[in-house]
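I have placed the structure first, in the form of structure tokens, so that the comments after it can refer back to it.
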Amino acid sequence: MRNELSRRLEAEISKMPIIDPHTHLQHQTPSAGLIGNIFGYHYIKMELSTAGMDVEKSMDDSLPPDDFLKDAVPFIPRIRNTTTWWGFMTICKALGFEDDTINEGNWQDLCKVAAETMQSENWYLKALDSINIKRSFLTNLPDEDMTYCNMDAFVPSLRTDEWVLEIAEQATREKLEKLTDTSVDSLKTLKDCIHKVAERFVGIGAASMAISLTPDFRAFAVSEGDAEVLYDKVLQGKRLTDVELARLRSHILYSLFEMCDELNMPFQLMLGVDRKIHRRLEWDGFSTELEMMKTFRDALNRFPNVKMVFSLLNTTLTHELAIYAKTFANCYAAGHWWYTFYPCIIKPMILERLQAAPYTKLIGWYSDSYYVEWTIAKIKLYIRTLAGTLAEIIEDGYMNEDLALEVAKAMLWDNNVEIFGLDV
Amino acid sequence: MRNELSRRLEAEISKMPIIDPHTHLQHQTPSAGLIGNIFGYHYIKMELSTAGMDVEKSMDDSLPPDDFLKDAVPFIPRIRNTTTWWGFMTICKALGFEDDTINEGNWQDLCKVAAETMQSENWYLKALDSINIKRSFLTNLPDEDMTYCNMDAFVPSLRTDEWVLEIAEQATREKLEKLTDTSVDSLKTLKDCIHKVAERFVGIGAASMAISLTPDFRAFAVSEGDAEVLYDKVLQGKRLTDVELARLRSHILYSLFEMCDELNMPFQLMLGVDRKIHRRLEWDGFSTELEMMKTFRDALNRFPNVKMVFSLLNTTLTHELAIYAKTFANCYAAGHWWYTFYPCIIKPMILERLQAAPYTKLIGWYSDSYYVEWTIAKIKLYIRTLAGTLAEIIEDGYMNEDLALEVAKAMLWDNNVEIFGLDV
Amino acid sequence: MRNELSRRLEAEISKMPIIDPHTHLQHQTPSAGLIGNIFGYHYIKMELSTAGMDVEKSMDDSLPPDDFLKDAVPFIPRIRNTTTWWGFMTICKALGFEDDTINEGNWQDLCKVAAETMQSENWYLKALDSINIKRSFLTNLPDEDMTYCNMDAFVPSLRTDEWVLEIAEQATREKLEKLTDTSVDSLKTLKDCIHKVAERFVGIGAASMAISLTPDFRAFAVSEGDAEVLYDKVLQGKRLTDVELARLRSHILYSLFEMCDELNMPFQLMLGVDRKIHRRLEWDGFSTELEMMKTFRDALNRFPNVKMVFSLLNTTLTHELAIYAKTFANCYAAGHWWYTFYPCIIKPMILERLQAAPYTKLIGWYSDSYYVEWTIAKIKLYIRTLAGTLAEIIEDGYMNEDLALEVAKAMLWDNNVEIFGLDV
């Protein structure tokens, strides 16, 4: 319940400097530019679709984005209850729109006001500044051109999914060969190439490696010799069995952990997504396997100097993750990912983490956003939830207000600086 | 916490018209008639048994129902804490009983007062009217006689468990042959018979098919040809292996989905019961398999026009169901079934559904009751919990009071009308 | 939220007599004696370690315990947020320390004050008396010397882990032979020896058998004949396969249930620990298997007269346990074990148990503590959480204040007396 204490905390936390350690922002085009692009974010699009709108027709990528709103108007009332919708309206207000609802009569005004704001000079910097976000991590593919990246606003993070999950694809190897101007003819040369790319990222200030894994991923040690045999099969164009592929993937992941150890890079692991469960619309979902967190016990033990920062896409294993953060010095629990980014799920996760694990082991929040405008919505929702949760902890007598604010600042700023070794 | 706002919402919601889309009411005898029948409901009987009462002896079906109370008196204090007991006392008061406890001295008065009330003319209609329930769905077996059913109060729903789960039983086939006066000599004729029954139910106003499945049920496509071979085996009196039976069951379920598609019938799926886990007393329980919701992904994709309305008997997968309702336009989340019908479980389920999914995708409540008297208890408990939950949402700023009431009405009335195409 | 009602309940409950039905207290040395021993408890040590302290170096068992604090001082601020730290500070105050923080300047004062208090005469009795704990169960190995045990303060409980889990170890047999002065040459003589030890424990007032099982333990009936063959293999020094060992373990557990039936002893089962998941520091963790509770359905049905008191080390199956306590007269749900002993986890567990199961089926709390000082912290945290939870139940209208207090007393005292047949 929002009371005087939680409102005071919310106001105080809203003044704190913040680092956003996971986004999908494009450093060249961090703003959506048009409200249609914000409205077309899959969080909203999915809700309109499930509420009955034919999004294939009315929100097709070939249309001008702002047209998305037109056909959506009759469906908007049906999604007003969600906190994602609350987020969208929060963005609209931040862009200068003054109405409380969107309807036949005002959606074009919204488009106009929003475009004016977003197309004003240095808007994205103003937007981030308005919510005190001093650095936003990017999600960079190995071959991404980072030449003109504004390093005062962004921090690169090297996404490694393709090296692990698509290790058996020819394209993965060819991309690496091209990137490093090296011929890959063995597991060893493959790893040399990956290492070169990783070093290049360290050189431009990358703060972490990152990967997203499905619930059925299993992490376990596979010897160099075994992995060489498997990769030779790949190089010969032979198909790996499922078991062989799982072994090779795990070996590569462990190799990345070794590189992180050597290069002093934390590793951000996001567990639980199932890709394209909605076949026609190609939307992702999640599921839970009870081994999905436990499978990292071996790696946590084996690489004590590699900071592993975990996010989970389910509610079932959040308690287990909190206890891992309490148990393993190199295990960190981070934020509230995607389908768990709802106040009613965030709150119990904050409580179980703050009651069980030292607060220095927790990264409170990241936006996961594609445009800075959604970052505005997500940090506001998070801060409100964090403030309400801390208020309860204070009222129950487990912290005083000073400590609660110190904890909040650490979860939003200090811990990111310490864990990722940021120079800010 | 019940505060002024939640009390106000509770009062407002209590005035709303309601549809109860799943009950086990007998349309000829919808009232319990005697308090003993209400007291003997397995929700209460189980609590008395676990609290130490010998229910086999003292609540045997051969006894006059009101005698159940006599031996129960010493055990009642032990179950006063449960919300089921709160429900029972709520019923007693609705029947005219004025005491706050039941003891040696007053249980016979209760029997008398209750019988008088319940045996008064049109009591069941008055009871339903007192809680604004305008329609109650029934659970009808394929061969149930619906001739004298009051269609102003009830809506038929065709229970299909036997066709799927007992597909290999001779009795299933024989019942269908008798019902349709058709000889079943192939999978095709079997499905023709089922189709005739389904059409007959549509003809009398049935609003849905329904089924209850165990946690280990798996739904997947099995080709017509494969299923024919399996059903021929059944017709020849041969025993199917477990795998064969699972394949045939799933094929039949998919055939029902096809009929629902053609006949425009929603399908109510209730997942998670384990039958007779208490061997001596033959009481049901539940368990959880992490595949039990996920297994319907294929059907949700394959039958986009079949509305599938899911209920779950565990707390582990409720988040997953909420996200399915957000993802799939034909997936709906319904109520709080049986062992999840407790305020502390209902509240987080309402929150996660209302924060993540459009409210039009949610059926708030159904009673699952055998007598209208339990419907009284269950709707009151639900409305109180819904009001308290909405109050929190309002206080947190994610809805205003008007929207919250609109959402409540939709969850209790409008969505039922829309989803089940009711003519009310 | 702590309000006037919850504070009043907290004050009332704090006056109630309490039984602590599971501890690891040493009856000869129930007090820690030095604050370093309290500080070195693995609950705190783990938090310091994960917060960055080198506990192998600075908290090595070879050091004087009070030295642990010295190197810890810089790390203490990092763990101030946890409720375990709240517990530690609660202990410090109970020992006469008056500061609110521990730092460079006062840690030696703390050591001094604490030692004085704990080394005063009859301190442990005063400590237990200060929190109204009238009896504390012990965890006794079969060969433990109980001669000088203070039976006014302690109740023996026979820990049976080695007989079940280490049944194939030669040491297990030899210990039993020595203890009973009997030669074990068959499964029958083995069981005779176990029976003798069990009778001896009954003779000295033991109130229960107890065991801790891993999540993958499966309980099922194995015939005497099959088990004899397996144990003969053990006696011949042959190695059992994993399946054979699982069968023999389960047979022994069922034999213990039979003895409990005969000797009228309740059985305390603690499910879910995974041993030594942190390899270097040998710390335990937990995981969840969805079968771990369900596997006891057979035993609950087969031994209706054996009271089985379950504790679970995860949050996933707590709902299932609550419903088992509602379903099976011989199933009891107990407390909040270890990694679930946090207010945010305790509260929903109390709610789901109190709303679903008769309160006579619930053991509210046990300390699991190694020293009486931690018992102080843990009962205070529990009572605060219980009071807050009952306040909500009262405010929601499901209990009145009198009943809530009656329920609290039962959960802390009466139920222990009734279930364990205590003579107090």
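Here's how to read the names in the structure tokens: chain A, B, ... by the order shown, residue numbers from 1 in each chain, ligand numbers from 1 in the order shown.
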> Counting only C-alpha atoms, which residues from chain B have an atom at most 8 Å from any atom of chain C, and could you show them as a PyMOL selection string?
Replying inline: chain B and resi 1-2+46-47+49-52+78-84+86+277-280+283+285-289+314-316+339+342-345
> So which bits of region 234-384 of chain B end up helix (DSSP H, G or I) when you DSSP the backbone, as a ChimeraX atom specification?
Replying inline: /B:234-235,242-263,294-302,318-327,338-340,343-356,359-361,372-384
>> According to DSSP computed on the backbone, where in region 286-368 of chain A is there strand (DSSP E)? Give the residues as a list of chain:residue names.
In response: A:Phe286, A:Met308, A:Val309, A:Phe310, A:Ser311, A:Leu312, A:Cys331, A:Tyr332, A:Ala333, A:Ala334, A:Leu362, A:Ile363
Writer output for current selection, C-alpha atoms, as an mmCIF file, in the first residue's frame:
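Printed below is part.cif as written:
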data_model
loop_
_atom_site.group_PDB
_atom_site.id
_atom_site.type_symbol
_atom_site.label_atom_id
_atom_site.label_comp_id
_atom_site.auth_asym_id
_atom_site.auth_seq_id
_atom_site.Cartn_x
_atom_site.Cartn_y
_atom_site.Cartn_z
ATOM 1 C CA PHE A 286 8.921 -19.138 -21.056
ATOM 2 C CA MET A 308 27.924 -14.512 -12.794
ATOM 3 C CA VAL A 309 24.891 -12.257 -12.827
ATOM 4 C CA PHE A 310 21.684 -14.236 -13.202
ATOM 5 C CA SER A 311 18.184 -13.244 -14.296
ATOM 6 C CA LEU A 312 15.295 -15.685 -14.378
ATOM 7 C CA CYS A 331 26.732 -15.289 -7.889
ATOM 8 C CA TYR A 332 24.604 -12.151 -8.274
ATOM 9 C CA ALA A 333 20.842 -11.824 -8.709
ATOM 10 C CA ALA A 334 19.655 -9.214 -11.183
ATOM 11 C CA LEU A 362 21.854 -7.586 -5.928
ATOM 12 C CA ILE A 363 21.348 -5.638 -9.097
#
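Atom to atom, CA of Asn106 (chain C) and CA of Gln119 (chain C) stand 19.9 Å apart.
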>> My list of candidates is B:Pro74, B:Lys93, B:Gly87, B:Trp413. Which is closest to Phe341 (chain B) when distances are computed with only C-alpha atoms?
In response: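 Looking only at the distances to Phe341 (chain B), the closest residue turns out to be B:Gly87.
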>> Please determine, counting only C-alpha atoms, which residue among C:Asp60, C:Leu313, C:Ala408, C:Leu69 has the shortest atom-to-atom distance to Arg384 (chain C).
In response: C:Ala408
> Near Thr214 (chain C), within 8 Å and counting only C-alpha atoms, which residues show up once chain neighbours fewer than 4 positions away are dropped, as number ranges by chain?
Replying inline: C: 271-274
>> List as a PyMOL selection string the protein and nucleic acid residues near Gly33 (chain C), meaning an atom at most 10 Å away when only C-alpha atoms are counted, but skip any in the same chain fewer than 6 places from it.
In response: chain C and resi 65+114-120+123-124+371+373
> region 13-19 of chain C: which residues within 7 Å, counting only C-alpha atoms, same-chain residues fewer than 3 positions away excluded, as a PyMOL selection string?
Replying inline: chain C and resi 9-10+132-136+383+408-409+412-413+416
Those same residues, written as a CSV table (one decimal), in the first residue's frame with all heavy atoms?
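Result file is selection-v5.csv:
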chain,number,residue,atom,x,y,z
C,9,LEU,N,-0.9,-8.2,19.2
C,9,LEU,CA,-0.8,-9.6,19.1
C,9,LEU,C,0.6,-10.1,19.4
C,9,LEU,O,0.9,-11.1,20.1
C,9,LEU,CB,-1.2,-10.1,17.7
C,9,LEU,CG,-2.6,-9.9,17.3
C,9,LEU,CD1,-2.8,-10.1,15.8
C,9,LEU,CD2,-3.5,-10.9,18.1
C,10,GLU,N,1.6,-9.3,18.9
C,10,GLU,CA,3.0,-9.7,19.1
C,10,GLU,C,3.3,-9.7,20.6
C,10,GLU,O,4.0,-10.6,21.1
C,10,GLU,CB,3.9,-8.6,18.4
C,10,GLU,CG,5.4,-9.1,18.3
C,10,GLU,CD,6.2,-8.1,17.5
C,10,GLU,OE1,5.6,-7.3,16.7
C,10,GLU,OE2,7.4,-8.1,17.6
C,132,ASN,N,10.3,-17.7,27.2
C,132,ASN,CA,9.2,-18.7,27.6
C,132,ASN,C,9.3,-20.1,26.9
C,132,ASN,O,8.3,-20.7,26.7
C,132,ASN,CB,7.8,-18.1,27.2
C,132,ASN,CG,7.6,-16.8,28.0
C,132,ASN,OD1,7.9,-16.8,29.2
C,132,ASN,ND2,7.1,-15.8,27.3
C,133,ILE,N,10.5,-20.4,26.5
C,133,ILE,CA,10.7,-21.8,26.0
C,133,ILE,C,10.8,-22.8,27.1
C,133,ILE,O,11.8,-22.7,27.9
C,133,ILE,CB,11.9,-21.8,25.0
C,133,ILE,CG1,11.6,-20.8,23.9
C,133,ILE,CG2,12.1,-23.3,24.5
C,133,ILE,CD1,12.1,-21.2,22.5
C,134,LYS,N,9.8,-23.7,27.2
C,134,LYS,CA,9.8,-24.6,28.3
C,134,LYS,C,10.5,-25.9,28.0
C,134,LYS,O,10.9,-26.6,28.9
C,134,LYS,CB,8.3,-24.9,28.7
C,134,LYS,CG,7.5,-23.6,29.0
C,134,LYS,CD,8.1,-22.8,30.1
C,134,LYS,CE,7.2,-21.5,30.3
C,134,LYS,NZ,7.9,-20.6,31.2
C,135,ARG,N,10.5,-26.3,26.8
C,135,ARG,CA,11.2,-27.5,26.3
C,135,ARG,C,11.8,-27.3,25.0
C,135,ARG,O,11.2,-26.7,24.1
C,135,ARG,CB,10.2,-28.7,26.2
C,135,ARG,CG,9.6,-29.2,27.5
C,135,ARG,CD,10.6,-30.0,28.3
C,135,ARG,NE,9.9,-30.7,29.4
C,135,ARG,CZ,9.4,-30.0,30.5
C,135,ARG,NH1,9.5,-28.7,30.6
C,135,ARG,NH2,8.8,-30.7,31.5
C,136,SER,N,13.0,-27.8,24.8
C,136,SER,CA,13.7,-27.8,23.5
C,136,SER,C,14.0,-29.2,23.1
C,136,SER,O,14.7,-29.9,23.9
C,136,SER,CB,15.0,-27.0,23.5
C,136,SER,OG,14.7,-25.6,23.9
C,383,ILE,N,7.6,-14.7,15.9
C,383,ILE,CA,6.4,-14.1,16.6
C,383,ILE,C,6.0,-12.8,15.9
C,383,ILE,O,4.8,-12.6,15.7
C,383,ILE,CB,6.7,-13.9,18.1
C,383,ILE,CG1,6.7,-15.3,18.8
C,383,ILE,CG2,5.6,-13.0,18.7
C,383,ILE,CD1,7.1,-15.2,20.3
C,408,ALA,N,-2.5,-19.2,17.8
C,408,ALA,CA,-1.0,-18.9,18.0
C,408,ALA,C,-0.5,-19.8,19.2
C,408,ALA,O,0.5,-20.4,19.0
C,408,ALA,CB,-0.8,-17.4,18.4
C,409,LYS,N,-1.3,-19.9,20.2
C,409,LYS,CA,-0.8,-20.7,21.4
C,409,LYS,C,-0.7,-22.2,21.0
C,409,LYS,O,0.2,-22.9,21.3
C,409,LYS,CB,-1.8,-20.5,22.6
C,409,LYS,CG,-1.3,-21.4,23.7
C,409,LYS,CD,-1.8,-20.9,25.1
C,409,LYS,CE,-1.5,-21.9,26.2
C,409,LYS,NZ,-2.3,-23.1,26.1
C,412,LEU,N,2.4,-22.9,18.9
C,412,LEU,CA,3.6,-22.8,19.7
C,412,LEU,C,3.7,-23.8,20.8
C,412,LEU,O,4.8,-24.1,21.3
C,412,LEU,CB,3.8,-21.4,20.2
C,412,LEU,CG,4.1,-20.3,19.1
C,412,LEU,CD1,3.9,-18.9,19.7
C,412,LEU,CD2,5.4,-20.5,18.5
C,413,TRP,N,2.5,-24.2,21.3
C,413,TRP,CA,2.6,-25.0,22.5
C,413,TRP,C,1.7,-26.3,22.4
C,413,TRP,O,2.1,-27.4,22.3
C,413,TRP,CB,2.2,-24.2,23.7
C,413,TRP,CG,2.1,-24.9,25.0
C,413,TRP,CD1,0.9,-25.5,25.5
C,413,TRP,CD2,3.1,-25.3,25.9
C,413,TRP,NE1,1.2,-26.1,26.7
C,413,TRP,CE2,2.5,-26.0,27.0
C,413,TRP,CE3,4.5,-25.0,26.0
C,413,TRP,CZ2,3.3,-26.5,28.0
C,413,TRP,CZ3,5.2,-25.4,27.0
C,413,TRP,CH2,4.6,-26.2,28.1
C,416,ASN,N,2.2,-29.2,19.9
C,416,ASN,CA,3.4,-29.9,20.3
C,416,ASN,C,3.1,-30.9,21.4
C,416,ASN,O,3.5,-32.1,21.3
C,416,ASN,CB,4.6,-29.0,20.7
C,416,ASN,CG,5.2,-28.3,19.6
C,416,ASN,OD1,5.7,-29.0,18.7
C,416,ASN,ND2,5.2,-27.0,19.6
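Of the listed residues (B:Val234, B:Leu190, B:Leu158, B:Ala207), B:Val234 comes nearest to Gln170 (chain B); the distances count only C-alpha atoms.
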> Got a sec: who's within 9 Å of region 97-101 of chain B, counting only C-alpha atoms, leaving out chain neighbours fewer than 3 positions off, as a ChimeraX atom specification?
Replying inline: /B:76-77,89,91-94,106,109-110,113-114
Determine, counting only C-alpha atoms, which protein, DNA and RNA residues have an atom within 8 Å of an atom of region 171-187 of chain C; residues of the same chain fewer than 5 positions away are not included. Present the result as an mmCIF file with C-alpha atoms, in the first residue's frame.
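Output (around_17.cif):
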data_model
loop_
_atom_site.group_PDB
_atom_site.id
_atom_site.type_symbol
_atom_site.label_atom_id
_atom_site.label_comp_id
_atom_site.auth_asym_id
_atom_site.auth_seq_id
_atom_site.Cartn_x
_atom_site.Cartn_y
_atom_site.Cartn_z
ATOM 1 C CA ASP C 143 25.013 -43.522 20.362
ATOM 2 C CA GLU C 162 22.567 -42.979 9.273
ATOM 3 C CA TRP C 163 20.363 -46.059 9.408
ATOM 4 C CA GLU C 166 24.230 -44.946 5.255
ATOM 5 C CA CYS C 193 19.336 -53.676 16.942
ATOM 6 C CA ILE C 194 17.616 -50.549 15.634
ATOM 7 C CA LYS C 196 16.578 -51.876 20.783
ATOM 8 C CA VAL C 197 18.042 -48.400 20.321
ATOM 9 C CA ALA C 227 15.368 -56.243 1.199
ATOM 10 C CA GLU C 228 16.984 -59.305 2.792
ATOM 11 C CA TYR C 231 21.219 -56.441 2.815
ATOM 12 C CA ASP C 232 22.928 -59.802 2.452
ATOM 13 C CA LEU C 235 26.945 -57.937 4.570
#
> CA of Thr160 (chain B) to CA of Leu213 (chain B): how many Å, to one decimal?
Replying inline: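 Answer for the CA of Thr160 (chain B) to CA of Leu213 (chain B) separation: 10.6 Å.
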> How many Å lie between CA of Val73 (chain B) and CA of Glu104 (chain B), rounded to one decimal?
Replying inline: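 Answer for the CA of Val73 (chain B) to CA of Glu104 (chain B) separation: 6.2 Å.
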